[in-house]
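**Q** Once you've had a glance at the structure underneath, I'll fire off some questions.
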Amino acid sequence: MGKDKLKKFAENKTFRCLVQPEFDEIFGKDHPLKGRWHADFFRNDRPIVLELGCGKGEYTVALAVDDPARNYIGVDIKGARMWRGAKTATEQGMDNVGFLRTRIEFITSFFAPGEVSELWITFPDPQLKTRRAKKRLTAPPFLACYAQLLAPGGWINLKTDSQHLYRYTGEVIRRCGLRCAVSNPDIYGTGYADKVLSIKTAYEQMFLDRGLPITYTRFTLDDTVRFDWFDWEEDDKLKCEKDCEEARRK
């Protein structure tokens with residue numbers, strides 16, 4: 001492990017805004033902050049917004065700067081990347097930014113029902129292989145987790161360069177009968193990108209430099225829907241993957 005990474009890991013321990021529990025603190029049980037983020041971490045009652053797979057935390061910090069009336073938490077497992085966002089938030093004295101180092105699979109160990117008002121998923125790994133479809137952050141098993149912590153009517157925002165993930169998410173929304181407010185295949189080309197959607201991470205700029213369109217989907221969950229991947233009929237799964245594969249090849 002490089003000295004620079006070790007230095008970042010050591011500095012991460014000094015940041016109050018960064019929560020990084022050990023595995024045995026959350027495996028099979030709840031973290032002490034679950035249901036207590038307002039009282040014990042932010043010490044205010046502003047709505048909480050999560051960014052899943054936040055990377056360096058650029059989007060999390062930018063969202064918090066743009067909207068000080070809400071609290072923002074970036075979630076990722078890569079501590080060396082997250083260091084950048086936590087350091088920026090610390091240096092700027094931001095009281096509405098937090099970072100949580102954990103796997104998304106454990107997210108329900110950290111947040112109580114209704115504790116989160118909105119989710120952002122920005123440029124996640126599209127997991128292109130069909131056998132890894134359950135790993136996509138908009139797959140039904142993950143939606144089942146989000147449903148346990150999102151407040152009623154809470155929005156999920158997906159911003160991605162991947163046409164495959166964009167089409168796949170659209171099919172999941174259709175199959176589950178969810179309410180979709182926006183499904184835009186090219187936010188810059190269509191002029192749809194507003195101030196928030198125009199926030200660009202290093203990854204996004206790289207995709208734009210390659211001429212890839214950036215897509216955006218905004219949808220909400222329904223408490224009456226069972227988000228169970230294995231309840232999908234096999235022909236529905238195959239149709240979804242076929243549509244996504246065709247989109248990827250275009």
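Order determines the names: the first chain of the structure tokens is A, the second B, and so forth; residues in each chain are numbered 1 upward, and ligands are numbered 1 upward as they are shown.
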Kindly provide the residues of segment 65-140 of chain A that approach segment 43-55 of chain A to within 12 Å, each paired with its closest atom pair and their distance in Å to one decimal, based on only C-alpha atoms, listed by chain and increasing number, as JSON lines.

**A**
```
{"residue": "A:Asp67", "atom": "CA", "partner": "A:Val49", "partner_atom": "CA", "distance": 10.7}
{"residue": "A:Pro68", "atom": "CA", "partner": "A:Arg46", "partner_atom": "CA", "distance": 9.0}
{"residue": "A:Ala69", "atom": "CA", "partner": "A:Arg46", "partner_atom": "CA", "distance": 6.3}
{"residue": "A:Arg70", "atom": "CA", "partner": "A:Arg46", "partner_atom": "CA", "distance": 5.1}
{"residue": "A:Asn71", "atom": "CA", "partner": "A:Ile48", "partner_atom": "CA", "distance": 4.7}
{"residue": "A:Tyr72", "atom": "CA", "partner": "A:Val49", "partner_atom": "CA", "distance": 4.8}
{"residue": "A:Ile73", "atom": "CA", "partner": "A:Leu50", "partner_atom": "CA", "distance": 4.9}
{"residue": "A:Gly74", "atom": "CA", "partner": "A:Glu51", "partner_atom": "CA", "distance": 4.7}
{"residue": "A:Val75", "atom": "CA", "partner": "A:Leu52", "partner_atom": "CA", "distance": 5.0}
{"residue": "A:Asp76", "atom": "CA", "partner": "A:Gly53", "partner_atom": "CA", "distance": 4.8}
{"residue": "A:Ile77", "atom": "CA", "partner": "A:Gly53", "partner_atom": "CA", "distance": 7.8}
{"residue": "A:Lys78", "atom": "CA", "partner": "A:Gly55", "partner_atom": "CA", "distance": 7.0}
{"residue": "A:Gly79", "atom": "CA", "partner": "A:Gly55", "partner_atom": "CA", "distance": 8.8}
{"residue": "A:Ala80", "atom": "CA", "partner": "A:Gly55", "partner_atom": "CA", "distance": 9.1}
{"residue": "A:Arg81", "atom": "CA", "partner": "A:Gly55", "partner_atom": "CA", "distance": 5.6}
{"residue": "A:Met82", "atom": "CA", "partner": "A:Gly55", "partner_atom": "CA", "distance": 5.8}
{"residue": "A:Trp83", "atom": "CA", "partner": "A:Gly55", "partner_atom": "CA", "distance": 9.3}
{"residue": "A:Arg84", "atom": "CA", "partner": "A:Gly55", "partner_atom": "CA", "distance": 9.0}
{"residue": "A:Gly85", "atom": "CA", "partner": "A:Gly55", "partner_atom": "CA", "distance": 8.5}
{"residue": "A:Ala86", "atom": "CA", "partner": "A:Gly55", "partner_atom": "CA", "distance": 11.0}
{"residue": "A:Asp95", "atom": "CA", "partner": "A:Arg43", "partner_atom": "CA", "distance": 9.0}
{"residue": "A:Asn96", "atom": "CA", "partner": "A:Arg46", "partner_atom": "CA", "distance": 8.6}
{"residue": "A:Val97", "atom": "CA", "partner": "A:Ile48", "partner_atom": "CA", "distance": 9.7}
{"residue": "A:Gly98", "atom": "CA", "partner": "A:Leu50", "partner_atom": "CA", "distance": 9.4}
{"residue": "A:Phe99", "atom": "CA", "partner": "A:Cys54", "partner_atom": "CA", "distance": 8.8}
{"residue": "A:Leu100", "atom": "CA", "partner": "A:Cys54", "partner_atom": "CA", "distance": 9.6}
{"residue": "A:Arg101", "atom": "CA", "partner": "A:Gly53", "partner_atom": "CA", "distance": 9.8}
{"residue": "A:Thr102", "atom": "CA", "partner": "A:Gly53", "partner_atom": "CA", "distance": 9.7}
{"residue": "A:Arg103", "atom": "CA", "partner": "A:Gly53", "partner_atom": "CA", "distance": 8.9}
{"residue": "A:Ile104", "atom": "CA", "partner": "A:Leu52", "partner_atom": "CA", "distance": 7.2}
{"residue": "A:Glu105", "atom": "CA", "partner": "A:Leu52", "partner_atom": "CA", "distance": 10.8}
{"residue": "A:Phe106", "atom": "CA", "partner": "A:Leu52", "partner_atom": "CA", "distance": 11.8}
{"residue": "A:Ile107", "atom": "CA", "partner": "A:Leu52", "partner_atom": "CA", "distance": 9.5}
{"residue": "A:Phe110", "atom": "CA", "partner": "A:Leu50", "partner_atom": "CA", "distance": 11.6}
{"residue": "A:Phe111", "atom": "CA", "partner": "A:Ile48", "partner_atom": "CA", "distance": 10.2}
{"residue": "A:Ala112", "atom": "CA", "partner": "A:Ile48", "partner_atom": "CA", "distance": 11.7}
{"residue": "A:Gly114", "atom": "CA", "partner": "A:Ile48", "partner_atom": "CA", "distance": 9.8}
{"residue": "A:Glu115", "atom": "CA", "partner": "A:Ile48", "partner_atom": "CA", "distance": 7.0}
{"residue": "A:Val116", "atom": "CA", "partner": "A:Ile48", "partner_atom": "CA", "distance": 5.1}
{"residue": "A:Ser117", "atom": "CA", "partner": "A:Ile48", "partner_atom": "CA", "distance": 5.6}
{"residue": "A:Glu118", "atom": "CA", "partner": "A:Val49", "partner_atom": "CA", "distance": 4.9}
{"residue": "A:Leu119", "atom": "CA", "partner": "A:Leu50", "partner_atom": "CA", "distance": 4.9}
{"residue": "A:Trp120", "atom": "CA", "partner": "A:Glu51", "partner_atom": "CA", "distance": 4.5}
{"residue": "A:Ile121", "atom": "CA", "partner": "A:Leu52", "partner_atom": "CA", "distance": 5.2}
{"residue": "A:Thr122", "atom": "CA", "partner": "A:Gly53", "partner_atom": "CA", "distance": 7.0}
{"residue": "A:Phe123", "atom": "CA", "partner": "A:Gly53", "partner_atom": "CA", "distance": 8.0}
{"residue": "A:Pro124", "atom": "CA", "partner": "A:Gly53", "partner_atom": "CA", "distance": 6.3}
{"residue": "A:Asp125", "atom": "CA", "partner": "A:Gly53", "partner_atom": "CA", "distance": 8.9}
{"residue": "A:Pro126", "atom": "CA", "partner": "A:Gly53", "partner_atom": "CA", "distance": 11.8}
{"residue": "A:Arg136", "atom": "CA", "partner": "A:Gly53", "partner_atom": "CA", "distance": 11.4}
{"residue": "A:Leu137", "atom": "CA", "partner": "A:Leu52", "partner_atom": "CA", "distance": 8.5}
{"residue": "A:Thr138", "atom": "CA", "partner": "A:Leu52", "partner_atom": "CA", "distance": 10.9}
```

**Q** Among segment 79-142 of chain A, which residues does DSSP mark as strand (DSSP E) when it is run on the backbone? Keep the chain and numbering as in the structure and answer as a ChimeraX atom specification.

**A** /A:97-101,116-122

**Q** For Ala193 of chain A, list every protein, DNA or RNA residue within 12 Å, evaluated using only C-alpha atoms, and leave out those in the same chain fewer than 6 positions away; present the list as a list of chain:residue names.

**A**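 Contacts, in chain order: A:Lys159, A:Val182, A:Asn184, A:Pro185, A:Asp186, A:Ile187, A:Ile199, A:Lys200, A:Pro213, A:Ile214, A:Thr215, A:Tyr216, A:Thr217.
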
**Q** Can you write just those residues out, N, CA and C atoms, as a tab-separated table (two decimals), in the first residue's frame?

**A**
```tsv
chain	number	residue	atom	x	y	z
A	159	LYS	N	-27.91	9.32	-12.17
A	159	LYS	CA	-27.19	10.04	-13.21
A	159	LYS	C	-26.07	9.12	-13.70
A	182	VAL	N	-38.84	11.67	-14.34
A	182	VAL	CA	-37.94	12.08	-15.43
A	182	VAL	C	-37.18	10.86	-15.94
A	184	ASN	N	-34.47	11.00	-18.96
A	184	ASN	CA	-33.87	11.80	-20.02
A	184	ASN	C	-32.58	11.14	-20.51
A	185	PRO	N	-32.47	10.80	-21.80
A	185	PRO	CA	-31.31	10.08	-22.32
A	185	PRO	C	-30.09	10.95	-22.60
A	186	ASP	N	-30.23	12.28	-22.50
A	186	ASP	CA	-29.10	13.17	-22.81
A	186	ASP	C	-29.38	14.56	-22.21
A	187	ILE	N	-29.02	14.75	-20.95
A	187	ILE	CA	-29.43	15.97	-20.25
A	187	ILE	C	-28.78	17.23	-20.81
A	199	ILE	N	-23.65	19.84	-12.15
A	199	ILE	CA	-22.48	19.57	-11.31
A	199	ILE	C	-21.72	18.42	-11.95
A	200	LYS	N	-20.44	18.60	-12.17
A	200	LYS	CA	-19.65	17.59	-12.88
A	200	LYS	C	-18.53	17.04	-11.99
A	213	PRO	N	-23.25	10.70	-24.00
A	213	PRO	CA	-24.37	11.45	-23.40
A	213	PRO	C	-24.57	11.05	-21.95
A	214	ILE	N	-24.98	12.00	-21.14
A	214	ILE	CA	-25.24	11.75	-19.72
A	214	ILE	C	-26.75	11.64	-19.53
A	215	THR	N	-27.18	10.54	-18.93
A	215	THR	CA	-28.61	10.30	-18.74
A	215	THR	C	-29.03	10.61	-17.31
A	216	TYR	N	-30.33	10.82	-17.15
A	216	TYR	CA	-30.86	11.12	-15.80
A	216	TYR	C	-32.24	10.50	-15.65
A	217	THR	N	-32.41	9.80	-14.54
A	217	THR	CA	-33.70	9.19	-14.20
A	217	THR	C	-34.07	9.59	-12.79
```

**Q** Could you check the closest approach to Gly189 of chain A for each of A:Pro140, A:Gly211, A:Gly170, A:Gly57 and tell me which residue wins, using only C-alpha atoms?

**A** A:Gly211

**Q** Tell me, in Å to one decimal, how far atom CA of Pro152 of chain A is from atom CA of Tyr168 of chain A.

**A** 23.8 Å

**Q** For Gln127 of chain A, list every protein, DNA or RNA residue within 12 Å, evaluated using only C-alpha atoms, and leave out those in the same chain fewer than 5 positions away; present the list as a ChimeraX atom specification.

**A** /A:132-139,162-166,168,241,244-245

**Q** Figure out the distance between atom CA of Arg218 of chain A and atom CA of Ala181 of chain A, please, to one decimal in Å.

**A**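 We find that atom CA of Ala181 of chain A and atom CA of Arg218 of chain A lie 5.5 Å from each other.
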
**Q** Could you state the separation of atom CA of Leu150 of chain A and atom CA of Asp194 of chain A in Å, given to one decimal place?

**A**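 Separation between atom CA of Leu150 of chain A and atom CA of Asp194 of chain A: 24.3 Å.
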
**Q** For each of A:Phe219, A:Phe41, A:Phe27, A:Phe142, take the minimum atom-to-atom distance to Ile156 of chain A, counting only C-alpha atoms, then give the residue where this is smallest.

**A**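 The answer is A:Phe219, which sits nearest to Ile156 of chain A.
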
**Q** Just list as a list in words whatever in segment 10-49 of chain A DSSP marks as helix (DSSP H, G or I).

**A**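 Selection result, helix (DSSP H, G or I) within segment 10-49 of chain A: Ala10, Glu11, Asn12, Phe23, Asp24, Glu25, Ile26, Trp37, His38, Ala39, Asp40, Phe41 and Phe42 of chain A.
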
**Q** Those residues you just picked out, can you put them in a file as a tab-separated table (two decimals), in the first residue's frame with all heavy atoms?

**A**
```tsv
chain	number	residue	atom	x	y	z
A	10	ALA	N	-4.92	7.62	7.66
A	10	ALA	CA	-4.65	8.17	8.99
A	10	ALA	C	-5.39	9.48	9.20
A	10	ALA	O	-5.95	9.73	10.27
A	10	ALA	CB	-3.14	8.38	9.15
A	11	GLU	N	-5.41	10.33	8.17
A	11	GLU	CA	-6.10	11.61	8.30
A	11	GLU	C	-7.60	11.42	8.37
A	11	GLU	O	-8.31	12.19	9.05
A	11	GLU	CB	-5.73	12.53	7.13
A	11	GLU	CG	-6.16	13.97	7.36
A	11	GLU	CD	-5.58	14.94	6.35
A	11	GLU	OE1	-4.95	14.48	5.37
A	11	GLU	OE2	-5.75	16.16	6.54
A	12	ASN	N	-8.12	10.40	7.70
A	12	ASN	CA	-9.56	10.12	7.76
A	12	ASN	C	-10.04	9.96	9.20
A	12	ASN	O	-11.16	10.33	9.55
A	12	ASN	CB	-9.89	8.84	6.97
A	12	ASN	CG	-10.03	9.09	5.48
A	12	ASN	OD1	-10.12	10.24	5.04
A	12	ASN	ND2	-10.04	8.03	4.70
A	23	PHE	N	-16.14	-3.82	10.50
A	23	PHE	CA	-17.11	-4.79	9.98
A	23	PHE	C	-17.98	-5.38	11.08
A	23	PHE	O	-19.20	-5.50	10.94
A	23	PHE	CB	-16.38	-5.90	9.22
A	23	PHE	CG	-17.28	-6.97	8.68
A	23	PHE	CD1	-18.02	-6.77	7.53
A	23	PHE	CD2	-17.39	-8.19	9.34
A	23	PHE	CE1	-18.86	-7.76	7.03
A	23	PHE	CE2	-18.22	-9.19	8.85
A	23	PHE	CZ	-18.96	-8.98	7.69
A	24	ASP	N	-17.35	-5.75	12.19
A	24	ASP	CA	-18.11	-6.41	13.26
A	24	ASP	C	-19.05	-5.46	14.01
A	24	ASP	O	-19.87	-5.88	14.82
A	24	ASP	CB	-17.17	-7.10	14.25
A	24	ASP	CG	-16.18	-6.16	14.91
A	24	ASP	OD1	-16.27	-4.93	14.66
A	24	ASP	OD2	-15.32	-6.64	15.66
A	25	GLU	N	-18.95	-4.15	13.72
A	25	GLU	CA	-19.86	-3.19	14.34
A	25	GLU	C	-21.22	-3.17	13.66
A	25	GLU	O	-22.20	-2.70	14.24
A	25	GLU	CB	-19.26	-1.78	14.28
A	25	GLU	CG	-18.06	-1.54	15.16
A	25	GLU	CD	-17.57	-0.10	15.07
A	25	GLU	OE1	-18.31	0.78	15.53
A	25	GLU	OE2	-16.49	0.13	14.51
A	26	ILE	N	-21.28	-3.66	12.42
A	26	ILE	CA	-22.52	-3.56	11.64
A	26	ILE	C	-23.02	-4.88	11.08
A	26	ILE	O	-24.18	-4.98	10.68
A	26	ILE	CB	-22.36	-2.57	10.46
A	26	ILE	CG1	-21.19	-3.00	9.57
A	26	ILE	CG2	-22.16	-1.16	10.97
A	26	ILE	CD1	-21.08	-2.24	8.28
A	37	TRP	N	-29.13	10.16	13.38
A	37	TRP	CA	-28.29	11.06	12.59
A	37	TRP	C	-28.60	12.53	12.86
A	37	TRP	O	-27.70	13.36	12.96
A	37	TRP	CB	-28.44	10.75	11.10
A	37	TRP	CG	-27.75	9.49	10.69
A	37	TRP	CD1	-28.26	8.23	10.67
A	37	TRP	CD2	-26.38	9.37	10.25
A	37	TRP	NE1	-27.32	7.33	10.25
A	37	TRP	CE2	-26.15	8.00	9.98
A	37	TRP	CE3	-25.34	10.28	10.06
A	37	TRP	CZ2	-24.91	7.53	9.53
A	37	TRP	CZ3	-24.11	9.81	9.61
A	37	TRP	CH2	-23.91	8.45	9.36
A	38	HIS	N	-29.88	12.84	12.98
A	38	HIS	CA	-30.25	14.24	13.26
A	38	HIS	C	-29.74	14.69	14.63
A	38	HIS	O	-29.15	15.76	14.78
A	38	HIS	CB	-31.77	14.41	13.20
A	38	HIS	CG	-32.34	14.38	11.83
A	38	HIS	ND1	-33.13	13.35	11.37
A	38	HIS	CD2	-32.22	15.24	10.80
A	38	HIS	CE1	-33.47	13.58	10.12
A	38	HIS	NE2	-32.94	14.73	9.74
A	39	ALA	N	-29.97	13.86	15.62
A	39	ALA	CA	-29.66	14.25	16.99
A	39	ALA	C	-28.17	14.17	17.32
A	39	ALA	O	-27.61	15.08	17.96
A	39	ALA	CB	-30.44	13.38	17.97
A	40	ASP	N	-27.51	13.10	16.86
A	40	ASP	CA	-26.14	12.84	17.31
A	40	ASP	C	-25.05	13.24	16.31
A	40	ASP	O	-23.90	13.45	16.71
A	40	ASP	CB	-25.97	11.36	17.65
A	40	ASP	CG	-26.82	10.93	18.82
A	40	ASP	OD1	-27.33	11.81	19.54
A	40	ASP	OD2	-27.01	9.71	19.01
A	41	PHE	N	-25.38	13.32	15.05
A	41	PHE	CA	-24.36	13.63	14.05
A	41	PHE	C	-24.48	15.06	13.53
A	41	PHE	O	-23.59	15.88	13.70
A	41	PHE	CB	-24.41	12.63	12.89
A	41	PHE	CG	-23.29	12.79	11.90
A	41	PHE	CD1	-22.07	12.19	12.12
A	41	PHE	CD2	-23.47	13.53	10.74
A	41	PHE	CE1	-21.02	12.34	11.21
A	41	PHE	CE2	-22.44	13.69	9.82
A	41	PHE	CZ	-21.21	13.09	10.06
A	42	PHE	N	-25.62	15.37	12.91
A	42	PHE	CA	-25.80	16.71	12.36
A	42	PHE	C	-26.23	17.73	13.42
A	42	PHE	O	-25.98	18.92	13.29
A	42	PHE	CB	-26.82	16.68	11.22
A	42	PHE	CG	-26.31	16.01	9.97
A	42	PHE	CD1	-26.82	14.79	9.57
A	42	PHE	CD2	-25.31	16.59	9.21
A	42	PHE	CE1	-26.36	14.17	8.42
A	42	PHE	CE2	-24.83	15.98	8.07
A	42	PHE	CZ	-25.35	14.76	7.67
```
